[in-house]
Amino acid sequence: MCATPTISSPPDFLRLLAHDLRWQLLQLLSYSDYRVQELVALVERPMNLVSYHLKQLRQYELVHERRSSADGRDVYYSLDLERLHTLYQQGGQQLHPILGNAMTSTPTGAPHDNPLRVLFLCTHNSARSLMAEALLREVAGNRAIEVHSAGDEPSAVHPLTLQVLAAEGINSQALRSKHMNEFENQHFDYVVTVCDRVREHCPVLPGDVALVHWSFADPAAVQGSDEERYGAFADTAQRLRVRIEHLLRVIDHDAATVESSVA
């Protein structure tokens with residue numbers, strides 16, 4: 001005797017995504033953080049309409065907003081990819097158990113002759129961009145990726161940067177603060193700004209470079225106890241790791257696409 005399947009309505013989450021403009025906004029925010037006026041220009045829709053749909057996505061906690069550290073009048077919007085992934089799994093599980101299976105392994109990539117070059121930028125190159133440099137180098141595995149970081153007002157490696165990386169088991173002895181002029185006229189495949197201020201001063205880079213922005217507050221600006229200050233650095237490192245893991249999936253996907261087109 002065959003059991004009758006349970007019939008249910010589609011999850012609200014899928015109803016939310018089944019809208020052309022909201023889908024376009026998510027596609028853009030899956031690539032980079034943007035200000036609302038930039039999103040308006042990219043989707044070519046009125047400001048009030050874009051703001052309305054961003055509000056819908058924020059209410060579902062798929063999109064978060066953070067006031068710019070460069071200009072307090074601006075707000076950056078970012079996509080919570082982890083929550084989006086979880087909700088997709090839950091929605092798939094409702095339809096069929098196999099669709100709810102999590103991706104338990106991270107692609108390790110394949111070594112090749114021409115390394116992909118990534119540059120992280122922030123203002124002082126003392127915390128965010130240096131942690132990103134070290135984390136990407138660690139998480140990349142055997143991928144052929146050359147990673148650097150720099151700032152437009154470089155200072156020195158923050159001691160808490162070294163402490164957090166050491167707690168992650170990452171060797172940070174070679175890290176140093178560098179001016180972005182050191183990489184002038186060099187080609188990079190990806191340039192990732194992790195600071196709102198430096199995004200506005202990002203130099204014109206040669207070649208076909210992918211410009212990505214991750215809006216992170218400066219953990220060095222946090223005041224309070226030693227525990228609170230360390231916690232700000234540790235939280236930044238954790239959130240950078242999540243972003244880097246997603247970036248690596250994009251890199252792997254793009255590399256596989258190129259290989260298949262050549263074949």
# chains A, B, ... in the order shown; residues from 1 in each chain; ligands from 1

call {"tool": "residues_around", "arguments": {"residues": "Ala234 in chain A", "least_positions_apart": "5", "cutoff": "10 Å", "atoms": "only C-alpha atoms", "output": "PyMOL selection string"}}
result
chain A and resi 160-161+163-165+167-168+219+228-229+239-240

call {"tool": "closest_atom_pairs", "arguments": {"of": "range 193-260 of chain A", "to": "range 47-66 of chain A", "cutoff": "12 Å", "atoms": "only C-alpha atoms", "output": "CSV"}}
result
residue,atom,partner,partner_atom,distance
A:Cys195,CA,A:Arg66,CA,11.9
A:Asp196,CA,A:Arg66,CA,10.4
A:Trp214,CA,A:Arg66,CA,10.8
A:Ser215,CA,A:Arg66,CA,7.6
A:Phe216,CA,A:Arg66,CA,8.5
A:Ala217,CA,A:Arg66,CA,8.7

call {"tool": "write_last_selection", "arguments": {"atoms": "all heavy atoms", "output": "tab-separated table (two decimals), in the first residue's frame"}}
result
chain	number	residue	atom	x	y	z
A	195	CYS	N	37.07	47.59	3.97
A	195	CYS	CA	36.95	48.82	4.74
A	195	CYS	C	36.23	49.84	3.85
A	195	CYS	O	36.57	49.98	2.67
A	195	CYS	CB	38.34	49.30	5.13
A	195	CYS	SG	38.49	51.04	5.54
A	196	ASP	N	35.22	50.52	4.40
A	196	ASP	CA	34.45	51.47	3.60
A	196	ASP	C	35.30	52.64	3.13
A	196	ASP	O	35.16	53.11	2.00
A	196	ASP	CB	33.26	52.00	4.42
A	196	ASP	CG	32.32	50.89	4.86
A	196	ASP	OD1	32.26	49.86	4.16
A	196	ASP	OD2	31.67	51.05	5.92
A	214	TRP	N	33.54	44.12	1.02
A	214	TRP	CA	32.96	43.56	2.23
A	214	TRP	C	33.01	44.65	3.29
A	214	TRP	O	34.09	45.08	3.70
A	214	TRP	CB	33.76	42.33	2.71
A	214	TRP	CG	33.78	41.20	1.74
A	214	TRP	CD1	32.96	40.98	0.68
A	214	TRP	CD2	34.71	40.10	1.74
A	214	TRP	NE1	33.30	39.82	0.03
A	214	TRP	CE2	34.36	39.26	0.65
A	214	TRP	CE3	35.78	39.73	2.56
A	214	TRP	CZ2	35.07	38.09	0.36
A	214	TRP	CZ3	36.49	38.57	2.28
A	214	TRP	CH2	36.13	37.75	1.19
A	215	SER	N	31.86	45.10	3.75
A	215	SER	CA	31.79	46.22	4.69
A	215	SER	C	31.99	45.72	6.13
A	215	SER	O	31.06	45.21	6.75
A	215	SER	CB	30.44	46.94	4.55
A	215	SER	OG	30.37	48.04	5.42
A	216	PHE	N	33.21	45.88	6.62
A	216	PHE	CA	33.55	45.46	7.98
A	216	PHE	C	33.95	46.67	8.83
A	216	PHE	O	34.70	47.54	8.36
A	216	PHE	CB	34.74	44.49	7.98
A	216	PHE	CG	34.38	43.06	7.67
A	216	PHE	CD1	34.27	42.62	6.36
A	216	PHE	CD2	34.15	42.15	8.69
A	216	PHE	CE1	33.93	41.31	6.07
A	216	PHE	CE2	33.81	40.84	8.41
A	216	PHE	CZ	33.70	40.41	7.10
A	217	ALA	N	33.46	46.72	10.05
A	217	ALA	CA	33.92	47.73	11.00
A	217	ALA	C	35.34	47.41	11.44
A	217	ALA	O	35.75	46.25	11.44
A	217	ALA	CB	32.99	47.79	12.21

call {"tool": "closest_residue", "arguments": {"among": "A:Asp80, A:Glu38, A:Asp235, A:Asp71", "to": "Val222 in chain A", "atoms": "only C-alpha atoms"}}
result
A:Asp235

call {"tool": "select_by_dssp", "arguments": {"residues": "range 56-244 of chain A", "states": "strand (DSSP E)", "output": "VMD selection string"}}
result
chain A and resid 63 to 67 75 to 79 116 to 122 145 to 151 190 to 193 210 to 213

call {"tool": "closest_atom_pairs", "arguments": {"of": "range 222-243 of chain A", "to": "range 131-149 of chain A", "cutoff": "10 Å", "atoms": "only C-alpha atoms", "output": "CSV"}}
result
residue,atom,partner,partner_atom,distance
A:Phe233,CA,A:Met131,CA,9.3
A:Thr236,CA,A:Met131,CA,8.6
A:Ala237,CA,A:Met131,CA,6.5
A:Gln238,CA,A:Leu135,CA,9.6
A:Arg239,CA,A:Ala132,CA,9.9
A:Leu240,CA,A:Ala132,CA,6.3
A:Arg241,CA,A:Leu135,CA,6.5
A:Arg243,CA,A:Ala132,CA,9.4
